[in-house]
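Okay, my_file.txt now, which holds compact mmCIF, C-alpha atoms:
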# COMPACT_ATOMS: atom_id res chain seq x y z
CA MET A 17 -12.83 3.18 -22.00
CA GLN A 18 -11.00 6.49 -22.08
CA TYR A 19 -7.75 7.04 -20.14
CA VAL A 20 -6.67 10.56 -19.24
CA ALA A 21 -3.54 11.50 -17.28
CA ALA A 22 -4.75 14.78 -15.83
CA LYS A 23 -2.16 17.56 -15.60
CA THR A 24 -3.90 19.54 -12.87
CA ALA A 25 -6.39 18.77 -10.11
CA ASP A 26 -8.80 21.21 -11.76
CA GLU A 27 -8.64 19.19 -14.98
CA ALA A 28 -9.25 15.92 -13.09
CA VAL A 29 -12.22 17.42 -11.24
CA ALA A 30 -13.71 18.88 -14.44
CA LEU A 31 -13.39 15.54 -16.25
CA LEU A 32 -14.97 13.58 -13.40
CA ALA A 33 -17.71 16.15 -12.75
CA GLY A 34 -18.60 16.43 -16.42
CA HIS A 35 -18.77 12.71 -17.12
CA SER A 36 -22.13 11.00 -17.26
CA GLY A 37 -21.02 7.34 -17.23
CA THR A 38 -18.89 5.29 -14.85
CA ALA A 39 -15.67 7.12 -14.00
CA ARG A 40 -12.84 6.08 -11.70
CA VAL A 41 -9.79 7.83 -10.27
CA LEU A 42 -6.50 5.99 -10.84
CA ALA A 43 -3.79 6.50 -8.22
CA GLY A 44 -1.82 3.30 -7.50
CA GLY A 45 -4.35 1.10 -9.29
CA THR A 46 -3.86 -1.84 -6.92
CA ASP A 47 -7.59 -2.01 -6.23
CA LEU A 48 -8.96 -0.44 -9.43
CA LEU A 49 -7.14 -2.70 -11.89
CA VAL A 50 -8.16 -5.80 -9.94
CA GLN A 51 -11.78 -4.62 -9.96
CA MET A 52 -11.60 -3.95 -13.70
CA LYS A 53 -10.05 -7.36 -14.35
CA SER A 54 -12.78 -9.15 -12.39
CA GLY A 55 -15.53 -7.18 -14.11
CA MET A 56 -16.65 -5.67 -10.80
CA VAL A 57 -16.39 -2.25 -12.39
CA GLU A 58 -16.30 -1.34 -16.08
CA PRO A 59 -15.37 2.35 -16.15
CA ASP A 60 -15.70 4.30 -19.36
CA LEU A 61 -13.39 7.00 -17.99
CA VAL A 62 -10.23 6.52 -15.91
CA VAL A 63 -8.51 9.67 -14.67
CA ASP A 64 -4.88 9.12 -13.66
CA ILE A 65 -3.90 11.65 -10.97
CA LYS A 66 -0.21 10.69 -10.66
CA ARG A 67 1.03 13.35 -13.09
CA ILE A 68 -0.60 16.24 -11.23
CA ALA A 69 2.02 18.46 -9.55
CA GLY A 70 2.33 17.78 -5.82
CA MET A 71 0.47 14.46 -5.86
CA ARG A 72 3.67 12.49 -5.26
CA ASP A 73 5.16 14.89 -2.70
CA ILE A 74 5.52 14.65 1.07
CA THR A 75 5.75 18.24 2.33
CA PRO A 76 6.36 19.53 5.87
CA GLU A 77 3.45 21.77 6.87
CA ALA A 78 2.57 23.43 10.19
CA GLY A 79 4.82 21.03 12.10
CA GLY A 80 3.22 17.98 10.46
CA PHE A 81 3.29 16.52 6.96
CA ARG A 82 1.09 16.78 3.89
CA VAL A 83 1.16 13.51 1.95
CA GLY A 84 0.11 13.74 -1.70
CA ALA A 85 -2.67 11.40 -2.81
CA ALA A 86 -0.36 9.46 -5.16
CA VAL A 87 2.49 8.82 -2.68
CA SER A 88 3.13 5.07 -2.60
CA GLY A 89 3.69 2.89 0.46
CA ALA A 90 7.33 2.42 -0.51
CA GLU A 91 7.83 6.19 -0.75
CA LEU A 92 6.15 6.89 2.60
CA GLY A 93 8.14 4.11 4.27
CA GLU A 94 11.39 5.70 3.10
CA HIS A 95 10.51 9.12 4.56
CA ALA A 96 12.43 9.43 7.83
CA GLY A 97 10.41 12.40 9.10
CA VAL A 98 7.01 10.75 8.73
CA CYS A 99 8.33 7.44 10.11
CA ALA A 100 9.60 9.21 13.24
CA MET A 101 6.47 11.27 13.84
CA TRP A 102 3.75 8.81 12.78
CA PRO A 103 5.21 5.27 12.97
CA GLY A 104 1.75 3.72 13.35
CA VAL A 105 0.44 5.40 10.20
CA VAL A 106 3.43 4.11 8.23
CA GLU A 107 3.25 0.57 9.65
CA GLY A 108 -0.48 0.28 8.92
CA PHE A 109 -0.11 1.46 5.34
CA ASN A 110 3.02 -0.66 4.77
CA LEU A 111 1.18 -3.84 5.83
CA ILE A 112 -0.93 -3.71 2.68
CA GLY A 113 0.01 -6.32 0.08
CA SER A 114 3.44 -7.27 -1.17
CA THR A 115 6.59 -5.28 -1.97
CA GLN A 116 5.21 -4.95 -5.50
CA VAL A 117 1.86 -3.63 -4.26
CA GLN A 118 3.67 -1.19 -1.95
CA GLY A 119 5.46 0.19 -5.01
CA ARG A 120 2.11 1.50 -6.26
CA ALA A 121 -0.56 1.51 -3.51
CA THR A 122 -1.58 4.84 -1.94
CA MET A 123 -3.17 5.81 1.39
CA ALA A 124 -5.74 7.99 -0.37
CA GLY A 125 -6.64 5.01 -2.58
CA ASN A 126 -7.00 2.72 0.42
CA LEU A 127 -9.24 5.35 2.03
CA CYS A 128 -11.42 5.87 -1.06
CA ASN A 129 -11.67 2.15 -1.85
CA ALA A 130 -13.58 2.21 1.45
CA SER A 131 -13.05 -1.34 2.59
CA PRO A 132 -13.82 -1.60 6.33
CA ALA A 133 -10.62 -3.67 6.55
CA GLY A 134 -8.31 -1.18 4.81
CA ASP A 135 -5.08 -1.26 6.83
CA ALA A 136 -4.15 2.39 6.20
CA VAL A 137 -7.35 3.82 7.64
CA PRO A 138 -7.48 3.04 11.42
CA SER A 139 -4.12 4.72 12.08
CA LEU A 140 -5.20 7.77 10.06
CA VAL A 141 -8.42 8.02 12.10
CA ALA A 142 -6.44 7.62 15.34
CA ALA A 143 -4.02 10.30 14.12
CA ALA A 144 -6.91 12.73 13.50
CA ALA A 145 -5.55 13.07 9.98
CA VAL A 146 -7.43 15.25 7.51
CA ALA A 147 -8.12 14.63 3.83
CA ARG A 148 -8.01 17.58 1.47
CA VAL A 149 -10.82 17.18 -1.01
CA GLN A 150 -11.08 19.14 -4.23
CA GLY A 151 -14.31 19.26 -6.19
CA PRO A 152 -16.42 21.35 -8.55
CA ASN A 153 -17.32 23.67 -5.65
CA GLY A 154 -13.77 24.19 -4.42
CA THR A 155 -11.59 22.65 -1.77
CA ARG A 156 -12.55 21.39 1.68
CA ASP A 157 -10.74 19.63 4.52
CA VAL A 158 -12.48 16.51 5.81
CA PRO A 159 -11.56 14.37 8.85
CA ILE A 160 -10.52 10.91 7.62
CA ARG A 161 -13.28 9.19 9.61
CA ASP A 162 -15.91 11.13 7.66
CA ILE A 163 -14.75 9.87 4.22
CA PRO A 164 -15.93 6.21 4.26
CA ALA A 165 -19.72 5.77 4.16
CA GLY A 166 -19.82 1.97 4.12
CA PRO A 167 -18.16 -0.91 2.30
CA GLY A 168 -17.08 0.43 -1.12
CA ARG A 169 -18.82 3.79 -0.63
CA THR A 170 -17.51 7.22 0.35
CA THR A 171 -19.11 10.54 1.27
CA LEU A 172 -17.36 12.27 -1.65
CA SER A 173 -19.68 13.95 -4.13
CA LYS A 174 -19.52 13.58 -7.89
CA GLY A 175 -16.33 15.13 -9.23
CA GLU A 176 -14.60 15.27 -5.85
CA ILE A 177 -11.14 13.78 -5.37
CA VAL A 178 -8.82 13.47 -2.38
CA THR A 179 -5.67 15.42 -3.31
CA SER A 180 -3.66 14.92 -0.10
CA ILE A 181 -3.77 13.67 3.46
CA PHE A 182 -2.51 15.91 6.27
CA LEU A 183 -0.79 14.34 9.27
CA PRO A 184 -0.86 16.96 12.05
CA ALA A 185 2.00 18.11 14.27
CA ARG A 186 2.37 16.49 17.66
CA PRO A 187 4.37 16.93 20.88
CA ALA A 188 7.66 15.07 21.32
CA ARG A 189 6.21 12.64 23.89
CA ALA A 190 3.72 11.10 21.52
CA ALA A 191 3.51 8.04 19.28
CA ASP A 192 1.11 5.71 17.53
CA ALA A 193 0.89 2.03 16.57
CA TYR A 194 -1.21 -0.29 14.43
CA LEU A 195 -1.87 -4.01 14.73
CA ARG A 196 -4.07 -6.34 12.73
CA PHE A 197 -4.95 -9.98 13.13
CA ILE A 198 -4.50 -12.23 10.09
CA PRO A 199 -4.07 -16.02 10.13
CA ARG A 200 -0.58 -15.76 8.63
CA THR A 201 2.25 -13.23 8.52
CA GLU A 202 1.88 -11.53 5.11
CA MET A 203 -0.40 -10.87 2.16
CA ASP A 204 -3.79 -11.04 3.86
CA ILE A 205 -6.78 -8.89 4.80
CA ALA A 206 -7.36 -7.84 8.41
CA VAL A 207 -9.86 -9.93 10.37
CA ALA A 208 -9.82 -7.22 13.04
CA SER A 209 -7.40 -4.36 13.65
CA ALA A 210 -6.67 -1.36 15.85
CA GLY A 211 -4.74 1.89 15.59
CA VAL A 212 -3.85 3.84 18.73
CA SER A 213 -2.33 7.31 18.94
CA LEU A 214 -1.40 8.81 22.28
CA VAL A 215 0.37 11.74 23.92
CA LEU A 216 2.14 11.37 27.28
CA ALA A 217 2.16 13.97 30.06
CA ALA A 218 5.44 14.90 31.77
CA ASP A 219 4.74 12.39 34.57
CA GLY A 220 4.47 9.49 32.09
CA THR A 221 0.70 9.12 32.20
CA VAL A 222 -1.42 9.25 29.07
CA GLU A 223 -2.52 12.84 28.48
CA SER A 224 -4.74 12.13 25.49
CA ALA A 225 -5.47 9.12 23.29
CA ARG A 226 -7.39 8.17 20.19
CA VAL A 227 -8.27 4.56 19.43
CA ALA A 228 -9.64 3.38 16.07
CA LEU A 229 -10.87 -0.10 15.13
CA GLY A 230 -10.85 -1.71 11.69
CA ALA A 231 -12.84 -4.56 10.12
CA VAL A 232 -15.44 -4.64 12.92
CA ALA A 233 -18.12 -2.37 11.42
CA PRO A 234 -19.17 -1.04 7.98
CA THR A 235 -16.61 1.75 8.44
CA VAL A 236 -13.55 2.21 10.66
CA LEU A 237 -14.71 3.16 14.16
CA LEU A 238 -13.30 5.83 16.45
CA ALA A 239 -13.50 4.23 19.91
CA GLU A 240 -13.93 7.43 21.92
CA GLU A 241 -14.73 5.68 25.21
CA ALA A 242 -11.64 3.47 24.91
CA GLY A 243 -9.51 6.60 24.47
CA LYS A 244 -11.05 8.14 27.59
CA VAL A 245 -10.48 4.97 29.63
CA ILE A 246 -6.71 5.05 29.13
CA THR A 247 -6.34 8.82 29.57
CA GLY A 248 -4.65 9.66 32.90
CA THR A 249 -3.28 6.13 33.31
CA ARG A 250 -0.02 4.25 32.74
CA LEU A 251 -1.82 1.42 30.92
CA ASP A 252 -1.89 -1.02 33.84
CA ASP A 253 -3.58 -4.37 33.21
CA GLU A 254 -6.87 -3.38 34.81
CA THR A 255 -7.07 -0.23 32.63
CA LEU A 256 -6.26 -2.17 29.49
CA ALA A 257 -8.98 -4.72 30.31
CA ARG A 258 -11.51 -1.87 30.63
CA MET A 259 -10.22 -0.38 27.40
CA ALA A 260 -10.71 -3.69 25.58
CA ALA A 261 -14.24 -3.92 26.97
CA ALA A 262 -14.95 -0.39 25.69
CA CYS A 263 -13.72 -1.47 22.24
CA GLU A 264 -15.81 -4.64 22.26
CA ALA A 265 -18.90 -2.64 23.21
CA ILE A 266 -18.93 -0.71 19.91
CA CYS A 267 -18.01 -3.53 17.48
CA LYS A 268 -20.68 -4.52 14.95
CA PRO A 269 -18.75 -6.90 12.69
CA ILE A 270 -19.95 -9.31 10.05
CA ASP A 271 -19.77 -13.09 10.37
CA ASP A 272 -17.80 -14.60 7.51
CA LYS A 273 -15.26 -17.26 6.62
CA ARG A 274 -12.43 -15.11 7.94
CA GLY A 275 -13.90 -14.55 11.39
CA THR A 276 -17.06 -14.88 13.43
CA ILE A 277 -18.74 -11.92 15.13
CA GLU A 278 -17.48 -13.14 18.51
CA PHE A 279 -13.92 -13.66 17.28
CA ARG A 280 -13.66 -10.29 15.54
CA THR A 281 -15.12 -8.47 18.54
CA ARG A 282 -12.79 -10.10 21.03
CA THR A 283 -9.78 -9.72 18.75
CA ALA A 284 -10.40 -6.00 18.16
CA GLY A 285 -10.10 -5.41 21.91
CA VAL A 286 -6.91 -7.48 22.13
CA MET A 287 -5.36 -5.64 19.16
CA ALA A 288 -6.27 -2.29 20.75
CA LYS A 289 -4.66 -3.25 24.07
CA ARG A 290 -1.45 -4.40 22.41
CA ALA A 291 -1.28 -1.42 20.03
CA ALA A 292 -1.80 0.95 22.97
CA ARG A 293 1.09 -0.69 24.78
CA ILE A 294 3.36 -0.35 21.73
CA ALA A 295 2.39 3.30 21.22
CA TYR A 296 2.98 3.97 24.93
CA ASP A 297 6.44 2.39 24.85
CA ARG A 298 7.34 4.27 21.68
CA ALA A 299 6.25 7.59 23.17
CA GLY A 300 8.13 6.81 26.40
CA ALA A 301 11.28 5.99 24.47
CA LYS A 302 11.17 9.45 22.88
CA ALA A 303 10.91 11.23 26.23
CA MET B 19 -11.67 1.62 -28.38
CA LYS B 20 -9.33 4.52 -29.16
CA THR B 21 -5.68 3.49 -29.02
CA ILE B 22 -2.97 5.42 -27.22
CA GLN B 23 0.58 5.97 -28.42
CA VAL B 24 3.16 5.59 -25.66
CA SER B 25 6.88 6.47 -25.64
CA THR B 26 8.92 4.81 -22.97
CA THR B 27 12.31 3.28 -22.17
CA ILE B 28 12.60 -0.46 -21.73
CA ASN B 29 15.86 -1.98 -20.46
CA GLY B 30 17.68 1.19 -21.42
CA ASP B 31 16.39 1.36 -24.98
CA PRO B 32 13.74 3.79 -26.22
CA ALA B 33 10.52 1.98 -27.07
CA GLU B 34 7.25 3.07 -28.60
CA PHE B 35 4.02 1.14 -28.65
CA ILE B 36 0.33 1.55 -29.25
CA CYS B 37 -2.16 0.11 -26.77
CA THR B 38 -5.78 0.30 -25.79
CA PRO B 39 -6.57 2.35 -22.66
CA ASP B 40 -7.49 -0.72 -20.60
CA GLU B 41 -4.48 -2.79 -21.63
CA THR B 42 -2.03 -3.66 -18.86
CA LEU B 43 1.70 -3.10 -19.09
CA LEU B 44 2.10 -6.88 -18.82
CA ASP B 45 -0.05 -7.43 -21.92
CA VAL B 46 1.87 -4.73 -23.78
CA LEU B 47 5.22 -6.32 -22.89
CA ARG B 48 4.12 -9.81 -23.85
CA ASN B 49 1.75 -9.29 -26.74
CA ARG B 50 2.94 -6.11 -28.42
CA LEU B 51 6.67 -6.04 -27.70
CA GLY B 52 7.43 -9.76 -27.66
CA LEU B 53 8.99 -9.55 -24.20
CA THR B 54 7.48 -12.78 -22.90
CA GLY B 55 9.87 -13.21 -19.97
CA SER B 56 7.38 -11.55 -17.63
CA LYS B 57 4.66 -14.11 -16.89
CA GLU B 58 0.99 -13.81 -16.09
CA GLY B 59 0.15 -15.93 -13.07
CA CYS B 60 -2.89 -14.45 -11.38
CA GLY B 61 -3.38 -11.14 -13.18
CA THR B 62 -4.43 -9.54 -9.88
CA GLY B 63 -1.16 -8.64 -8.15
CA ASP B 64 -1.01 -11.64 -5.84
CA CYS B 65 1.67 -13.87 -7.38
CA GLY B 66 4.48 -11.57 -8.57
CA ALA B 67 5.25 -13.54 -11.77
CA CYS B 68 4.89 -10.31 -13.79
CA SER B 69 7.30 -8.27 -11.61
CA VAL B 70 9.14 -5.45 -13.38
CA THR B 71 10.54 -2.14 -12.20
CA VAL B 72 9.02 1.17 -13.25
CA ASN B 73 11.30 4.15 -12.55
CA GLY B 74 13.30 1.90 -10.24
CA ARG B 75 10.29 0.78 -8.21
CA LEU B 76 9.31 -2.91 -8.08
CA VAL B 77 5.71 -3.40 -9.27
CA CYS B 78 3.39 -6.01 -10.73
CA SER B 79 3.08 -5.15 -14.43
CA CYS B 80 -0.43 -6.67 -14.41
CA LEU B 81 -1.48 -3.81 -12.09
CA VAL B 82 -0.08 -1.05 -14.31
CA LEU B 83 -1.80 0.25 -17.44
CA GLY B 84 0.34 0.39 -20.56
CA ALA B 85 -0.67 4.04 -20.93
CA GLU B 86 0.90 4.82 -17.55
CA ALA B 87 4.33 3.88 -18.95
CA GLU B 88 4.56 7.16 -20.91
CA GLY B 89 7.98 8.66 -20.21
CA ALA B 90 8.86 5.96 -17.68
CA GLU B 91 11.95 3.77 -17.39
CA ILE B 92 10.99 0.11 -17.32
CA SER B 93 13.26 -2.83 -16.54
CA THR B 94 12.23 -6.41 -17.24
CA ILE B 95 13.89 -9.81 -16.93
CA GLU B 96 15.09 -9.44 -20.53
CA GLY B 97 17.44 -6.66 -19.39
CA MET B 98 19.09 -8.68 -16.66
CA ALA B 99 21.82 -10.62 -18.49
CA GLU B 100 24.45 -8.67 -20.38
CA GLY B 101 24.42 -10.37 -23.76
CA GLU B 102 25.43 -13.98 -23.14
CA THR B 103 26.71 -13.22 -19.63
CA LEU B 104 24.17 -14.13 -16.99
CA HIS B 105 23.60 -11.93 -13.94
CA PRO B 106 25.03 -13.46 -10.72
CA LEU B 107 21.45 -14.09 -9.54
CA GLN B 108 20.62 -15.98 -12.72
CA ARG B 109 23.77 -18.10 -12.39
CA ALA B 110 23.12 -18.82 -8.71
CA PHE B 111 19.54 -19.92 -9.49
CA ILE B 112 20.83 -22.46 -12.03
CA GLU B 113 23.74 -23.66 -9.89
CA HIS B 114 21.62 -24.07 -6.78
CA ALA B 115 18.53 -25.49 -8.51
CA ALA B 116 16.34 -22.63 -7.29
CA LEU B 117 13.71 -23.34 -9.93
CA GLN B 118 11.72 -26.21 -11.32
CA CYS B 119 8.97 -25.24 -13.74
CA GLY B 120 10.39 -21.71 -14.09
CA VAL B 121 7.18 -19.70 -14.36
CA CYS B 122 7.82 -17.71 -11.18
CA THR B 123 11.56 -17.37 -11.84
CA PRO B 124 11.69 -14.17 -13.94
CA GLY B 125 9.58 -12.31 -11.38
CA ILE B 126 11.64 -13.61 -8.48
CA LEU B 127 14.90 -12.64 -10.19
CA VAL B 128 13.63 -9.12 -10.92
CA ALA B 129 12.35 -8.78 -7.33
CA ALA B 130 15.56 -10.14 -5.79
CA LYS B 131 17.70 -7.81 -7.92
CA SER B 132 15.59 -4.88 -6.77
CA LEU B 133 16.16 -5.84 -3.10
CA LEU B 134 19.92 -6.27 -3.49
CA GLU B 135 20.21 -2.82 -5.07
CA LYS B 136 18.59 -1.40 -1.95
CA ASN B 137 20.07 -3.77 0.61
CA PRO B 138 23.15 -5.71 -0.56
CA ASP B 139 23.29 -7.83 2.60
CA PRO B 140 19.74 -8.81 3.62
CA THR B 141 18.96 -11.30 6.37
CA ASP B 142 16.96 -14.38 5.36
CA GLU B 143 13.97 -12.83 7.13
CA GLU B 144 14.24 -9.56 5.18
CA LEU B 145 14.55 -11.55 1.99
CA ARG B 146 11.54 -13.72 2.75
CA TYR B 147 9.39 -10.68 3.54
CA TRP B 148 10.58 -8.88 0.41
CA LEU B 149 9.68 -11.92 -1.73
CA ALA B 150 6.37 -12.61 0.06
CA GLY B 151 4.53 -11.41 -3.03
CA ASN B 152 6.34 -13.85 -5.33
CA LEU B 153 4.65 -17.22 -5.22
CA CYS B 154 6.45 -20.44 -6.20
CA ARG B 155 4.58 -23.75 -6.13
CA CYS B 156 7.60 -25.97 -6.93
CA THR B 157 10.63 -25.23 -4.81
CA GLY B 158 9.30 -24.66 -1.31
CA TYR B 159 11.29 -21.37 -1.39
CA ASP B 160 14.31 -22.62 0.53
CA LYS B 161 16.54 -23.03 -2.48
CA ILE B 162 15.46 -19.62 -3.76
CA ILE B 163 16.51 -17.97 -0.52
CA ARG B 164 19.84 -19.80 -0.55
CA ALA B 165 20.52 -18.91 -4.19
CA VAL B 166 19.80 -15.22 -3.60
CA GLN B 167 22.15 -15.22 -0.61
CA VAL B 168 24.91 -16.86 -2.68
CA ALA B 169 24.47 -14.24 -5.41
CA ALA B 170 24.34 -11.44 -2.85
CA ALA B 171 27.63 -12.61 -1.31
CA GLU B 172 29.23 -12.80 -4.74
CA MET B 173 27.97 -9.32 -5.67
CA ARG B 174 29.27 -7.86 -2.40
CA GLY B 175 32.67 -9.37 -3.12
CA ALA B 176 32.72 -8.19 -6.72
Could you write out this structure as structure tokens?
Amino acid sequence: MQYVAAKTADEAVALLAGHSGTARVLAGGTDLLVQMKSGMVEPDLVVDIKRIAGMRDITPEAGGFRVGAAVSGAELGEHAGVCAMWPGVVEGFNLIGSTQVQGRATMAGNLCNASPAGDAVPSLVAAAAVARVQGPNGTRDVPIRDIPAGPGRTTLSKGEIVTSIFLPARPARAADAYLRFIPRTEMDIAVASAGVSLVLAADGTVESARVALGAVAPTVLLAEEAGKVITGTRLDDETLARMAAACEAICKPIDDKRGTIEFRTRTAGVMAKRAARIAYDRAGAKA
Amino acid sequence: MKTIQVSTTINGDPAEFICTPDETLLDVLRNRLGLTGSKEGCGTGDCGACSVTVNGRLVCSCLVLGAEAEGAEISTIEGMAEGETLHPLQRAFIEHAALQCGVCTPGILVAAKSLLEKNPDPTDEELRYWLAGNLCRCTGYDKIIRAVQVAAAEMRGA
């Protein structure tokens, strides 16, 4: 195996694009090193992107924030601006692993590892966040929901890397939230999860909403109907019940030791209802 | 496999080592530098026995490549006592019997020290969440939490 700490994104892209064997990008390494240890992947090239300028920076941009691909959970959680604007994005990402894992893990890594249960991804989909992708043919901006292709697979082409994730600007009366179900309080993988981002109108009703569901399909789902159901409402019980039903309608989970199809489906709706309520209260508190 | 030469700082002292590209920082510390205080429990970032800090950030050294340590500042359990003088956390762990077999202890001490630098007066809940990635199969955790709180109180008073 060859290890290269790339100095520029161009160098990383050229190395990955020009390599004929198994190559992997190293950001936080909290998935990659585990996969290497277990023999799941035996790369002959590992390209470390942490020493590329800008990769560890959180930069205000167009009223939102650009988060470098190598920013760790601990670093994002300490950023007051991002925590105030996108609390649901931060809480989803910060749920991953232990304090030690948070010292290294990255959102871009969680996205590109492409687990359907990745805790950073539903909030990013709900936030309409955008990944900046650099490759042999230049740079393109890709909505987060279009990156995962299925468990362990992405839509990135050979030589392409995510260099940053953009969290867009939003009005003052807006907030997001993320909830997952696990059978204990820490250090586990989501059985079902939901991220909700919403904007309130001046009269306190929901002006617009995006709902995303995790661990209930091969990729994170954007529950468009659920978002429409709560728009124009104040999240009364009847509305939330219809929203949960809209979530359940699109779930296509697997049956495994951590949860049955029925349990995951039902739980995704419950998580979405509760996350919507939290996001609504957070947005209201800002008004 | 081609070896890599790495220059780094460990517990305040400059250190140089040679490692293979796939070698973890934990293996470098233990097998090449003789710093066997950091333990390998799981090797997959679940147990925290290999906890060290890299540039002030608490990490599992089993999930860091040795090659990534180039230019970094690393602190391990070996840097905790000052000569023969134990750190207040180390003393509190002995006085309050916060260990039995001792395999998890170095990682827990490094992790607890890292928390107290950030938050000198944590609640028990904050402490338990912070240490959720440090597994101990002997103590049942209660004595660990009490020992850290005793040390924290002493350090606040110092």
Check which residues of chain B sit at most 8 Å from chain A using all atoms listed in the file, and return one row each with the closest pair of atoms and their distance in Å to one decimal, ordered by chain and rising number, as a tab-separated table.
residue	atom	partner	partner_atom	distance
B:Met19	CA	A:Met17	CA	6.7
B:Lys20	CA	A:Gln18	CA	7.5
B:Pro39	CA	A:Tyr19	CA	5.5
B:Asp40	CA	A:Met17	CA	6.8
B:Gly61	CA	A:Lys53	CA	7.8
B:Thr62	CA	A:Val50	CA	5.3
B:Gly63	CA	A:Val117	CA	7.0
B:Asp64	CA	A:Ser114	CA	7.8
B:Gly66	CA	A:Gln116	CA	7.3
B:Ser69	CA	A:Gln116	CA	7.3
B:Arg75	CA	A:Gly119	CA	5.8
B:Leu76	CA	A:Gln116	CA	5.3
B:Val77	CA	A:Gln116	CA	4.1
B:Cys78	CA	A:Gln116	CA	5.6
B:Leu81	CA	A:Leu49	CA	5.8
B:Val82	CA	A:Gly45	CA	6.9
B:Ala85	CA	A:Tyr19	CA	7.7
B:Tyr147	CA	A:Glu202	CA	7.7
B:Trp148	CA	A:Thr115	CA	5.9
B:Leu149	CA	A:Thr115	CA	7.3
B:Ala150	CA	A:Ser114	CA	6.2
B:Gly151	CA	A:Ser114	CA	4.7
Could you write out that same residue set with C-alpha atoms as an mmCIF file, in the coordinates of the input?
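Full text of out_36.cif as output:
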data_model
loop_
_atom_site.group_PDB
_atom_site.id
_atom_site.type_symbol
_atom_site.label_atom_id
_atom_site.label_comp_id
_atom_site.auth_asym_id
_atom_site.auth_seq_id
_atom_site.Cartn_x
_atom_site.Cartn_y
_atom_site.Cartn_z
ATOM 1 C CA MET B 19 -11.670 1.620 -28.380
ATOM 2 C CA LYS B 20 -9.330 4.520 -29.160
ATOM 3 C CA PRO B 39 -6.570 2.350 -22.660
ATOM 4 C CA ASP B 40 -7.490 -0.720 -20.600
ATOM 5 C CA GLY B 61 -3.380 -11.140 -13.180
ATOM 6 C CA THR B 62 -4.430 -9.540 -9.880
ATOM 7 C CA GLY B 63 -1.160 -8.640 -8.150
ATOM 8 C CA ASP B 64 -1.010 -11.640 -5.840
ATOM 9 C CA GLY B 66 4.480 -11.570 -8.570
ATOM 10 C CA SER B 69 7.300 -8.270 -11.610
ATOM 11 C CA ARG B 75 10.290 0.780 -8.210
ATOM 12 C CA LEU B 76 9.310 -2.910 -8.080
ATOM 13 C CA VAL B 77 5.710 -3.400 -9.270
ATOM 14 C CA CYS B 78 3.390 -6.010 -10.730
ATOM 15 C CA LEU B 81 -1.480 -3.810 -12.090
ATOM 16 C CA VAL B 82 -0.080 -1.050 -14.310
ATOM 17 C CA ALA B 85 -0.670 4.040 -20.930
ATOM 18 C CA TYR B 147 9.390 -10.680 3.540
ATOM 19 C CA TRP B 148 10.580 -8.880 0.410
ATOM 20 C CA LEU B 149 9.680 -11.920 -1.730
ATOM 21 C CA ALA B 150 6.370 -12.610 0.060
ATOM 22 C CA GLY B 151 4.530 -11.410 -3.030
#
Smallest atom-to-atom distance to Val178 in chain A: which of A:Asn126, A:Ser224, A:Ser36, A:Thr255, using all atoms listed in the file? A:Asn126
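Of the listed residues B:Ile112, B:Lys57, B:Thr103, B:Gln118, the one whose atoms come nearest to Cys154 in chain B is B:Gln118, with distances taken using only C-alpha atoms.
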Which residues are close to Glu107 in chain A, i.e. within 7 Å by all atoms listed in the file, leaving aside same-chain residues fewer than 4 positions away? Reply as a PyMOL selection string. chain A and resi 103+111+194
Separation of CA of Val24 in chain B from CA of Ala87 in chain B in Å: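 CA of Ala87 in chain B sits 7.0 Å away from CA of Val24 in chain B.
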If we count all atoms listed in the file, what is near Arg169 in chain A at a cut-off of 12 Å, once residues fewer than 3 positions away on the same chain are taken out, given as an mmCIF file with C-alpha atoms, in the coordinates of the input?
data_model
loop_
_atom_site.group_PDB
_atom_site.id
_atom_site.type_symbol
_atom_site.label_atom_id
_atom_site.label_comp_id
_atom_site.auth_asym_id
_atom_site.auth_seq_id
_atom_site.Cartn_x
_atom_site.Cartn_y
_atom_site.Cartn_z
ATOM 1 C CA ASN A 126 -7.000 2.720 0.420
ATOM 2 C CA LEU A 127 -9.240 5.350 2.030
ATOM 3 C CA CYS A 128 -11.420 5.870 -1.060
ATOM 4 C CA ASN A 129 -11.670 2.150 -1.850
ATOM 5 C CA ALA A 130 -13.580 2.210 1.450
ATOM 6 C CA SER A 131 -13.050 -1.340 2.590
ATOM 7 C CA PRO A 132 -13.820 -1.600 6.330
ATOM 8 C CA ASP A 162 -15.910 11.130 7.660
ATOM 9 C CA ILE A 163 -14.750 9.870 4.220
ATOM 10 C CA PRO A 164 -15.930 6.210 4.260
ATOM 11 C CA ALA A 165 -19.720 5.770 4.160
ATOM 12 C CA GLY A 166 -19.820 1.970 4.120
ATOM 13 C CA LEU A 172 -17.360 12.270 -1.650
ATOM 14 C CA SER A 173 -19.680 13.950 -4.130
ATOM 15 C CA PRO A 234 -19.170 -1.040 7.980
ATOM 16 C CA THR A 235 -16.610 1.750 8.440
#
Report as number ranges by chain all protein, DNA and RNA residues lying within 8 Å of range 206-215 of chain A, evaluated on all atoms listed in the file, omitting residues in the same chain fewer than 2 positions from it. A: 104, 133-135, 138-139, 141-143, 187, 189-198, 204, 217, 222-232, 274-275, 280-281, 283-284, 287-288, 291-292, 295-296, 299
Distance CA of Arg109 in chain B-CA of Val70 in chain B, one decimal place? 19.4 Å
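In this model, the gap between CA of Arg40 in chain A and CA of Phe109 in chain A comes to 21.8 Å.
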Pick from A:Val245, A:Gly168, A:Leu237, A:Pro184, whichever lies nearest to Ala78 in chain A using only C-alpha atoms: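 Under the stated criterion, the closest residue is A:Pro184.
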